[in-house]
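K.L.:
Take this structure first; my questions come after.
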Amino acid sequence: MALLEVVTFPDDRLRRKCRPLTTVDDKIRTLASDMLETMYDDEGIGLAAPQVGLDIRLVVIDIPAEDGTQKHNPLVLINPEIIAREGEVASTEGCLSVPEYTAEVKRAEKVTVKALDQNGVEQTYNADGLFAICLQHEIDHLDGKLFIDYLSTLKRNMLRKRYSKLKKEQQRAAAAR
């Protein structure tokens with residue numbers, strides 16, 4: 001397994017609509033394992049392929065138990081699709097691709113998601129709570145949407161300027177080395 005580089009906002013690769021996978025093979029399973037390792041290393045609960053620079057419909061998720069313990073019960077979702085939504089809930093979200101920033105976002109309270117697992121078998125997940133929020137967040141990534149897109153234009157523009165300035169500073173520092 002290998003750690004992958006996480007793409008950060010405002011990188012254009014986060015805005016691409018991802019293409020469906022047509023085959024589930026060892027290459028995809030290895031990528032999913034690498035994505036899980038990367039997610040765990042960054043202490044995340046979900047990671048989508050565009051967050052590691054790939055435009056394919058692949059998501060990995062591992063939600064901690066309600067008591068807060070992480071038991072490593074990972075899910076690999078290939079070509080996930082939300083087929084039903086119910087209710088509305090507000091929650092505070094963050095993202096590995098938008099480091100050190102959180103915001104309140106409204107999402108469906110419950111969702112039903114259809115996806116292929118790492119063996120290419122179709123699964124259906126009925127989710128609520130943090131699992132439902134995480135599924136929606138990660139599937140948004142596959143459609144080129146970030147949680148910050150739910151914010152006001154003013155907040156989004158301020159965040160874009162902040163991250164663009166930070167990126168330039170990082171590039172200058174790297175060039176000076």
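Chain lettering (A, B, ...) mirrors the order of the structure tokens, residue numbering begins at 1 for each chain separately, and ligand numbering begins at 1 in order of display.
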What lies within 12 Å of Leu130 in chain A using only C-alpha atoms, ignoring chain neighbours under 4 positions off, as a list in words?

P.N.:
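Listing them by chain and then by number gives Ile45, Gly46, Ile61, Asp62, Ile63, Pro64, Ala65, Glu66, Gly68, Val89, Ala90, Ser91, Thr92, Glu93, Arg107, Ala108, Glu109, Lys110, Val111, Cys134, Leu135, Gln136 and His137 of chain A.
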
K.L.:
Limited to N, CA and C atoms, could you put the picked residues into a file as a PDB file, in the first residue's frame?

P.N.:
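Okay, this is what ended up in out_6.pdb:
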ATOM      1  N   ILE A  45     -12.585  10.363   7.292  1.00  0.00           N
ATOM      2  CA  ILE A  45     -13.588   9.291   7.323  1.00  0.00           C
ATOM      3  C   ILE A  45     -14.096   8.949   5.926  1.00  0.00           C
ATOM      4  N   GLY A  46     -13.648   9.710   4.935  1.00  0.00           N
ATOM      5  CA  GLY A  46     -14.036   9.446   3.560  1.00  0.00           C
ATOM      6  C   GLY A  46     -13.041  10.078   2.614  1.00  0.00           C
ATOM      7  N   ILE A  61     -14.844   4.899   2.438  1.00  0.00           N
ATOM      8  CA  ILE A  61     -15.428   5.476   3.651  1.00  0.00           C
ATOM      9  C   ILE A  61     -15.168   4.531   4.816  1.00  0.00           C
ATOM     10  N   ASP A  62     -14.934   5.112   5.973  1.00  0.00           N
ATOM     11  CA  ASP A  62     -14.870   4.341   7.213  1.00  0.00           C
ATOM     12  C   ASP A  62     -15.350   5.245   8.337  1.00  0.00           C
ATOM     13  N   ILE A  63     -16.568   5.007   8.783  1.00  0.00           N
ATOM     14  CA  ILE A  63     -17.206   5.813   9.819  1.00  0.00           C
ATOM     15  C   ILE A  63     -16.881   5.217  11.185  1.00  0.00           C
ATOM     16  N   PRO A  64     -16.430   6.058  12.133  1.00  0.00           N
ATOM     17  CA  PRO A  64     -16.166   5.532  13.479  1.00  0.00           C
ATOM     18  C   PRO A  64     -17.461   5.078  14.157  1.00  0.00           C
ATOM     19  N   ALA A  65     -17.318   4.192  15.103  1.00  0.00           N
ATOM     20  CA  ALA A  65     -18.478   3.729  15.869  1.00  0.00           C
ATOM     21  C   ALA A  65     -19.061   4.905  16.650  1.00  0.00           C
ATOM     22  N   GLU A  66     -20.321   4.762  17.072  1.00  0.00           N
ATOM     23  CA  GLU A  66     -20.984   5.849  17.789  1.00  0.00           C
ATOM     24  C   GLU A  66     -20.264   6.232  19.073  1.00  0.00           C
ATOM     25  N   GLY A  68     -17.212   6.632  19.274  1.00  0.00           N
ATOM     26  CA  GLY A  68     -16.025   7.370  18.870  1.00  0.00           C
ATOM     27  C   GLY A  68     -14.832   6.517  18.520  1.00  0.00           C
ATOM     28  N   VAL A  89     -30.983  17.848   7.368  1.00  0.00           N
ATOM     29  CA  VAL A  89     -30.233  18.011   8.603  1.00  0.00           C
ATOM     30  C   VAL A  89     -29.047  18.938   8.326  1.00  0.00           C
ATOM     31  N   ALA A  90     -28.689  19.735   9.318  1.00  0.00           N
ATOM     32  CA  ALA A  90     -27.511  20.586   9.211  1.00  0.00           C
ATOM     33  C   ALA A  90     -26.387  19.951  10.021  1.00  0.00           C
ATOM     34  N   SER A  91     -25.199  19.971   9.466  1.00  0.00           N
ATOM     35  CA  SER A  91     -24.048  19.418  10.189  1.00  0.00           C
ATOM     36  C   SER A  91     -22.804  20.218   9.835  1.00  0.00           C
ATOM     37  N   THR A  92     -21.832  20.151  10.703  1.00  0.00           N
ATOM     38  CA  THR A  92     -20.560  20.809  10.447  1.00  0.00           C
ATOM     39  C   THR A  92     -19.669  19.831   9.696  1.00  0.00           C
ATOM     40  N   GLU A  93     -19.176  20.280   8.540  1.00  0.00           N
ATOM     41  CA  GLU A  93     -18.344  19.427   7.699  1.00  0.00           C
ATOM     42  C   GLU A  93     -16.972  20.027   7.499  1.00  0.00           C
ATOM     43  N   ARG A 107     -27.889  18.931   4.417  1.00  0.00           N
ATOM     44  CA  ARG A 107     -27.942  17.764   3.532  1.00  0.00           C
ATOM     45  C   ARG A 107     -29.180  16.943   3.869  1.00  0.00           C
ATOM     46  N   ALA A 108     -29.445  15.938   3.050  1.00  0.00           N
ATOM     47  CA  ALA A 108     -30.536  15.014   3.352  1.00  0.00           C
ATOM     48  C   ALA A 108     -30.206  14.263   4.631  1.00  0.00           C
ATOM     49  N   GLU A 109     -31.214  14.038   5.446  1.00  0.00           N
ATOM     50  CA  GLU A 109     -31.021  13.325   6.714  1.00  0.00           C
ATOM     51  C   GLU A 109     -30.765  11.839   6.492  1.00  0.00           C
ATOM     52  N   LYS A 110     -31.449  11.287   5.487  1.00  0.00           N
ATOM     53  CA  LYS A 110     -31.295   9.867   5.154  1.00  0.00           C
ATOM     54  C   LYS A 110     -31.115   9.736   3.645  1.00  0.00           C
ATOM     55  N   VAL A 111     -30.294   8.785   3.244  1.00  0.00           N
ATOM     56  CA  VAL A 111     -30.111   8.504   1.824  1.00  0.00           C
ATOM     57  C   VAL A 111     -30.055   6.999   1.590  1.00  0.00           C
ATOM     58  N   CYS A 134     -21.592  11.646   5.126  1.00  0.00           N
ATOM     59  CA  CYS A 134     -20.340  11.292   4.476  1.00  0.00           C
ATOM     60  C   CYS A 134     -20.577  10.793   3.044  1.00  0.00           C
ATOM     61  N   LEU A 135     -21.582   9.947   2.866  1.00  0.00           N
ATOM     62  CA  LEU A 135     -21.896   9.462   1.513  1.00  0.00           C
ATOM     63  C   LEU A 135     -22.198  10.632   0.579  1.00  0.00           C
ATOM     64  N   GLN A 136     -23.036  11.560   1.032  1.00  0.00           N
ATOM     65  CA  GLN A 136     -23.389  12.707   0.189  1.00  0.00           C
ATOM     66  C   GLN A 136     -22.171  13.568  -0.124  1.00  0.00           C
ATOM     67  N   HIS A 137     -21.349  13.801   0.889  1.00  0.00           N
ATOM     68  CA  HIS A 137     -20.140  14.612   0.726  1.00  0.00           C
ATOM     69  C   HIS A 137     -19.209  13.986  -0.317  1.00  0.00           C
TER      70      HIS A 137
END

K.L.:
Counting only C-alpha atoms, what is within 10 Å of Lys17 in chain A, bar same-chain residues fewer than 2 positions away, as a list of chain:residue names?

P.N.:
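Everything that qualifies: A:Arg13, A:Leu14, A:Arg15, A:Arg19, A:Pro20, A:Pro50, A:Asp55, A:Ile56, A:Arg57, A:Asp140, A:His141, A:Leu142, A:Asp143, A:Gly144, A:Lys145.
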
K.L.:
Go ahead and save the residues from that selection, with all heavy atoms, as a CSV table (one decimal), in the first residue's frame.

P.N.:
chain,number,residue,atom,x,y,z
A,13,ARG,N,-8.7,19.9,-10.5
A,13,ARG,CA,-9.1,18.5,-10.6
A,13,ARG,C,-10.2,18.2,-9.7
A,13,ARG,O,-10.9,17.2,-9.9
A,13,ARG,CB,-7.8,17.7,-10.3
A,13,ARG,CG,-6.8,17.7,-11.4
A,13,ARG,CD,-5.5,17.0,-10.9
A,13,ARG,NE,-4.8,17.7,-9.9
A,13,ARG,CZ,-3.7,17.3,-9.3
A,13,ARG,NH1,-3.2,16.1,-9.6
A,13,ARG,NH2,-3.1,18.0,-8.4
A,14,LEU,N,-10.4,19.0,-8.7
A,14,LEU,CA,-11.6,18.8,-7.8
A,14,LEU,C,-12.9,19.2,-8.4
A,14,LEU,O,-14.0,18.9,-7.8
A,14,LEU,CB,-11.4,19.6,-6.5
A,14,LEU,CG,-10.2,19.2,-5.6
A,14,LEU,CD1,-9.9,20.2,-4.5
A,14,LEU,CD2,-10.4,17.8,-5.0
A,15,ARG,N,-12.9,19.8,-9.5
A,15,ARG,CA,-14.1,20.3,-10.2
A,15,ARG,C,-14.5,19.5,-11.4
A,15,ARG,O,-15.5,19.7,-12.0
A,15,ARG,CB,-13.9,21.8,-10.6
A,15,ARG,CG,-13.7,22.7,-9.5
A,15,ARG,CD,-14.8,22.6,-8.5
A,15,ARG,NE,-14.7,23.7,-7.5
A,15,ARG,CZ,-15.7,23.8,-6.6
A,15,ARG,NH1,-16.8,23.1,-6.6
A,15,ARG,NH2,-15.6,24.8,-5.7
A,19,ARG,N,-15.8,9.9,-14.4
A,19,ARG,CA,-16.3,8.9,-15.3
A,19,ARG,C,-16.5,7.6,-14.5
A,19,ARG,O,-15.8,7.3,-13.6
A,19,ARG,CB,-15.4,8.7,-16.5
A,19,ARG,CG,-14.0,8.3,-16.1
A,19,ARG,CD,-13.1,8.2,-17.3
A,19,ARG,NE,-11.7,8.1,-16.9
A,19,ARG,CZ,-11.1,7.0,-16.5
A,19,ARG,NH1,-11.8,5.9,-16.5
A,19,ARG,NH2,-9.9,7.0,-16.0
A,20,PRO,N,-17.6,6.9,-14.9
A,20,PRO,CA,-17.8,5.6,-14.3
A,20,PRO,C,-16.8,4.6,-14.6
A,20,PRO,O,-16.1,4.6,-15.6
A,20,PRO,CB,-19.2,5.1,-14.9
A,20,PRO,CG,-19.7,6.3,-15.6
A,20,PRO,CD,-18.6,7.2,-15.9
A,50,PRO,N,-11.3,11.9,-7.0
A,50,PRO,CA,-10.7,13.2,-7.4
A,50,PRO,C,-9.8,13.9,-6.4
A,50,PRO,O,-9.0,14.7,-6.7
A,50,PRO,CB,-12.0,14.1,-7.7
A,50,PRO,CG,-13.1,13.3,-7.3
A,50,PRO,CD,-12.7,11.9,-7.0
A,55,ASP,N,-10.0,11.0,-12.1
A,55,ASP,CA,-11.4,11.4,-12.4
A,55,ASP,C,-12.3,10.1,-12.7
A,55,ASP,O,-12.9,9.9,-13.7
A,55,ASP,CB,-11.4,12.3,-13.7
A,55,ASP,CG,-10.9,11.6,-14.9
A,55,ASP,OD1,-10.2,10.6,-14.8
A,55,ASP,OD2,-11.2,12.1,-16.0
A,56,ILE,N,-12.3,9.3,-11.7
A,56,ILE,CA,-13.1,8.0,-11.7
A,56,ILE,C,-14.0,8.0,-10.5
A,56,ILE,O,-13.8,8.6,-9.5
A,56,ILE,CB,-12.2,6.8,-11.7
A,56,ILE,CG1,-11.3,6.7,-10.5
A,56,ILE,CG2,-11.5,6.7,-13.0
A,56,ILE,CD1,-10.5,5.4,-10.4
A,57,ARG,N,-15.1,7.3,-10.6
A,57,ARG,CA,-16.2,7.2,-9.6
A,57,ARG,C,-15.9,6.2,-8.6
A,57,ARG,O,-16.4,5.1,-8.6
A,57,ARG,CB,-17.6,7.1,-10.3
A,57,ARG,CG,-17.9,8.3,-11.1
A,57,ARG,CD,-19.3,8.3,-11.7
A,57,ARG,NE,-20.3,8.6,-10.7
A,57,ARG,CZ,-20.6,9.9,-10.2
A,57,ARG,NH1,-19.9,10.9,-10.7
A,57,ARG,NH2,-21.5,10.1,-9.3
A,140,ASP,N,-20.7,14.0,-3.9
A,140,ASP,CA,-20.5,15.3,-4.4
A,140,ASP,C,-19.2,15.5,-5.1
A,140,ASP,O,-19.1,16.1,-6.2
A,140,ASP,CB,-20.7,16.4,-3.3
A,140,ASP,CG,-22.1,16.8,-3.1
A,140,ASP,OD1,-23.0,16.3,-3.8
A,140,ASP,OD2,-22.3,17.6,-2.2
A,141,HIS,N,-18.1,15.0,-4.5
A,141,HIS,CA,-16.8,15.1,-5.1
A,141,HIS,C,-16.7,14.5,-6.5
A,141,HIS,O,-16.1,15.0,-7.3
A,141,HIS,CB,-15.7,14.3,-4.2
A,141,HIS,CG,-15.2,15.1,-3.1
A,141,HIS,ND1,-14.4,16.3,-3.3
A,141,HIS,CD2,-15.2,15.0,-1.7
A,141,HIS,CE1,-14.0,16.8,-2.1
A,141,HIS,NE2,-14.5,16.0,-1.2
A,142,LEU,N,-17.4,13.4,-6.6
A,142,LEU,CA,-17.4,12.7,-7.9
A,142,LEU,C,-18.1,13.5,-9.0
A,142,LEU,O,-17.9,13.3,-10.2
A,142,LEU,CB,-18.1,11.3,-7.8
A,142,LEU,CG,-17.5,10.4,-6.8
A,142,LEU,CD1,-18.3,9.1,-6.8
A,142,LEU,CD2,-16.0,10.2,-7.0
A,143,ASP,N,-19.0,14.5,-8.6
A,143,ASP,CA,-19.6,15.4,-9.5
A,143,ASP,C,-19.0,16.7,-9.6
A,143,ASP,O,-19.6,17.7,-10.1
A,143,ASP,CB,-21.1,15.5,-9.1
A,143,ASP,CG,-21.9,14.2,-9.2
A,143,ASP,OD1,-21.6,13.4,-10.2
A,143,ASP,OD2,-22.7,13.9,-8.4
A,144,GLY,N,-17.8,16.9,-9.0
A,144,GLY,CA,-17.1,18.1,-9.1
A,144,GLY,C,-17.6,19.2,-8.1
A,144,GLY,O,-17.3,20.4,-8.3
A,145,LYS,N,-18.2,18.7,-7.0
A,145,LYS,CA,-18.8,19.7,-6.1
A,145,LYS,C,-18.1,19.5,-4.7
A,145,LYS,O,-17.9,18.4,-4.3
A,145,LYS,CB,-20.3,19.4,-6.0
A,145,LYS,CG,-21.1,20.4,-5.2
A,145,LYS,CD,-22.6,20.2,-5.3
A,145,LYS,CE,-23.3,21.3,-4.7
A,145,LYS,NZ,-24.7,21.2,-5.0

K.L.:
Might you pull out every residue within 12 Å of Tyr125 in chain A, with only C-alpha atoms counted and same-chain residues fewer than 3 positions away left off, and present them as a ChimeraX atom specification?

P.N.:
/A:75-77,80-85,110-117,122,128,131-132,135

K.L.:
Give me, as a list in words, all polymer residues having an atom no more than 12 Å from Glu43 in chain A, counting only C-alpha atoms and skipping those fewer than 4 positions away in the same chain.

P.N.:
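Within the cut-off, the hits are Leu36, Glu37, Thr38, Met39, Leu47, Ile61, Asp62, Ile63, Pro64, Gln70, His72, Gly94, Cys95, Leu96 and Pro99 of chain A.
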
K.L.:
Selection from above, C-alpha atoms, as a PDB file, in the first residue's frame, can you write it?

P.N.:
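Output file part-v7.pdb follows:
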ATOM      1  CA  LEU A  36      -7.937   4.004   2.572  1.00  0.00           C
ATOM      2  CA  GLU A  37      -4.351   4.175   3.836  1.00  0.00           C
ATOM      3  CA  THR A  38      -4.181   7.842   2.785  1.00  0.00           C
ATOM      4  CA  MET A  39      -7.527   8.589   4.441  1.00  0.00           C
ATOM      5  CA  LEU A  47     -11.999  10.012   0.418  1.00  0.00           C
ATOM      6  CA  ILE A  61     -15.428   5.476   3.651  1.00  0.00           C
ATOM      7  CA  ASP A  62     -14.870   4.341   7.213  1.00  0.00           C
ATOM      8  CA  ILE A  63     -17.206   5.813   9.819  1.00  0.00           C
ATOM      9  CA  PRO A  64     -16.166   5.532  13.479  1.00  0.00           C
ATOM     10  CA  GLN A  70     -12.401   3.604  14.993  1.00  0.00           C
ATOM     11  CA  HIS A  72     -11.726  -0.003  10.687  1.00  0.00           C
ATOM     12  CA  GLY A  94     -14.684  19.517   6.874  1.00  0.00           C
ATOM     13  CA  CYS A  95     -12.699  18.021   4.027  1.00  0.00           C
ATOM     14  CA  LEU A  96      -9.193  16.697   3.482  1.00  0.00           C
ATOM     15  CA  PRO A  99      -7.719  21.695   5.119  1.00  0.00           C
TER      16      PRO A  99
END

K.L.:
Show me, as a PyMOL selection string, the residues that have an atom within 12 Å of Leu159 in chain A when counting only C-alpha atoms, minus same-chain residues fewer than 3 positions from it.

P.N.:
chain A and resi 9-10+98-103+148-149+151-156+162-166

K.L.:
Determine which residues of range 65-161 of chain A DSSP labels as alpha helix (DSSP H) from the backbone of this structure, then write them out as a VMD selection string.

P.N.:
chain A and resid 129 to 142 153 to 161

K.L.:
Got time to write the residues from that selection, N, CA, C and O atoms, as a tab-separated table (two decimals), in the first residue's frame?

P.N.:
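selection.tsv written:
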chain	number	residue	atom	x	y	z
A	129	GLY	N	-27.56	9.69	9.77
A	129	GLY	CA	-26.50	10.20	10.62
A	129	GLY	C	-25.24	10.53	9.83
A	129	GLY	O	-25.29	10.94	8.66
A	130	LEU	N	-24.10	10.34	10.48
A	130	LEU	CA	-22.81	10.66	9.89
A	130	LEU	C	-22.55	9.87	8.60
A	130	LEU	O	-21.96	10.40	7.65
A	131	PHE	N	-23.02	8.64	8.55
A	131	PHE	CA	-22.84	7.82	7.34
A	131	PHE	C	-23.53	8.47	6.15
A	131	PHE	O	-22.96	8.59	5.06
A	132	ALA	N	-24.76	8.95	6.32
A	132	ALA	CA	-25.50	9.61	5.24
A	132	ALA	C	-24.80	10.89	4.79
A	132	ALA	O	-24.67	11.16	3.59
A	133	ILE	N	-24.33	11.66	5.75
A	133	ILE	CA	-23.64	12.91	5.43
A	133	ILE	C	-22.36	12.62	4.66
A	133	ILE	O	-22.07	13.26	3.64
A	134	CYS	N	-21.59	11.65	5.13
A	134	CYS	CA	-20.34	11.29	4.48
A	134	CYS	C	-20.58	10.79	3.04
A	134	CYS	O	-19.86	11.18	2.12
A	135	LEU	N	-21.58	9.95	2.87
A	135	LEU	CA	-21.90	9.46	1.51
A	135	LEU	C	-22.20	10.63	0.58
A	135	LEU	O	-21.68	10.69	-0.54
A	136	GLN	N	-23.04	11.56	1.03
A	136	GLN	CA	-23.39	12.71	0.19
A	136	GLN	C	-22.17	13.57	-0.12
A	136	GLN	O	-21.98	14.00	-1.27
A	137	HIS	N	-21.35	13.80	0.89
A	137	HIS	CA	-20.14	14.61	0.73
A	137	HIS	C	-19.21	13.99	-0.32
A	137	HIS	O	-18.73	14.67	-1.23
A	138	GLU	N	-18.96	12.69	-0.19
A	138	GLU	CA	-18.02	12.02	-1.10
A	138	GLU	C	-18.59	11.89	-2.51
A	138	GLU	O	-17.87	12.05	-3.50
A	139	ILE	N	-19.88	11.61	-2.62
A	139	ILE	CA	-20.49	11.51	-3.96
A	139	ILE	C	-20.49	12.88	-4.64
A	139	ILE	O	-20.30	12.98	-5.85
A	140	ASP	N	-20.66	13.96	-3.86
A	140	ASP	CA	-20.53	15.30	-4.43
A	140	ASP	C	-19.17	15.47	-5.10
A	140	ASP	O	-19.06	16.05	-6.18
A	141	HIS	N	-18.10	14.97	-4.46
A	141	HIS	CA	-16.77	15.07	-5.05
A	141	HIS	C	-16.74	14.46	-6.46
A	141	HIS	O	-16.09	14.99	-7.35
A	142	LEU	N	-17.45	13.37	-6.64
A	142	LEU	CA	-17.45	12.69	-7.94
A	142	LEU	C	-18.13	13.52	-9.03
A	142	LEU	O	-17.94	13.28	-10.22
A	153	THR	N	-21.81	33.00	-1.61
A	153	THR	CA	-20.79	33.40	-2.57
A	153	THR	C	-19.69	34.19	-1.88
A	153	THR	O	-18.51	34.00	-2.17
A	154	LEU	N	-20.05	35.05	-0.96
A	154	LEU	CA	-19.06	35.85	-0.24
A	154	LEU	C	-18.10	34.97	0.54
A	154	LEU	O	-16.87	35.13	0.44
A	155	LYS	N	-18.62	34.01	1.30
A	155	LYS	CA	-17.75	33.11	2.08
A	155	LYS	C	-16.86	32.27	1.17
A	155	LYS	O	-15.69	32.05	1.45
A	156	ARG	N	-17.44	31.81	0.06
A	156	ARG	CA	-16.66	30.99	-0.89
A	156	ARG	C	-15.52	31.80	-1.50
A	156	ARG	O	-14.40	31.32	-1.62
A	157	ASN	N	-15.81	33.04	-1.89
A	157	ASN	CA	-14.78	33.89	-2.50
A	157	ASN	C	-13.67	34.22	-1.51
A	157	ASN	O	-12.49	34.24	-1.88
A	158	MET	N	-14.04	34.47	-0.26
A	158	MET	CA	-13.03	34.74	0.77
A	158	MET	C	-12.14	33.52	0.96
A	158	MET	O	-10.91	33.63	1.08
A	159	LEU	N	-12.75	32.35	0.98
A	159	LEU	CA	-11.99	31.11	1.14
A	159	LEU	C	-11.07	30.87	-0.05
A	159	LEU	O	-9.91	30.49	0.11
A	160	ARG	N	-11.57	31.13	-1.25
A	160	ARG	CA	-10.76	30.95	-2.46
A	160	ARG	C	-9.52	31.85	-2.40
A	160	ARG	O	-8.40	31.40	-2.70
A	161	LYS	N	-9.70	33.10	-2.02
A	161	LYS	CA	-8.56	34.03	-1.92
A	161	LYS	C	-7.56	33.54	-0.88
A	161	LYS	O	-6.35	33.57	-1.09

K.L.:
Which residue, A:Glu86, A:Thr22, A:Ser97, A:Ile78, has the smallest gap to Asn126 in chain A when you use only C-alpha atoms?

P.N.:
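Of A:Glu86, A:Thr22, A:Ser97, A:Ile78, the one nearest Asn126 in chain A, counting only C-alpha atoms, is A:Glu86.
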
K.L.:
Of the candidates A:Ala48, A:Val60, A:Gln170, A:Leu146, which shows the shortest atom-to-atom distance to Cys18 in chain A, using only C-alpha atoms?

P.N.:
A:Ala48

K.L.:
Suppose you want the space between CA of Thr23 in chain A and CA of Leu58 in chain A; what is it in Å?

P.N.:
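Straight-line distance from CA of Thr23 in chain A to CA of Leu58 in chain A works out to 11.7 Å.
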
K.L.:
Kindly give the distance, in Å, that separates CA of Arg29 in chain A and CA of Asn119 in chain A, rounded to a single decimal.

P.N.:
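Separation between CA of Arg29 in chain A and CA of Asn119 in chain A: 8.3 Å.
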
K.L.:
Taking the chain letters and numbering used in this document, name the residues of range 33-151 of chain A that DSSP puts in strand (DSSP E), as a ChimeraX atom specification.

P.N.:
/A:46-48,58-61,75-86,89-95,98-107,110-116,122-128

K.L.:
For CA of Leu3 in chain A and CA of Val24 in chain A, quote the distance in Å rounded to one decimal.

P.N.:
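Distance between the two atoms: 21.0 Å.
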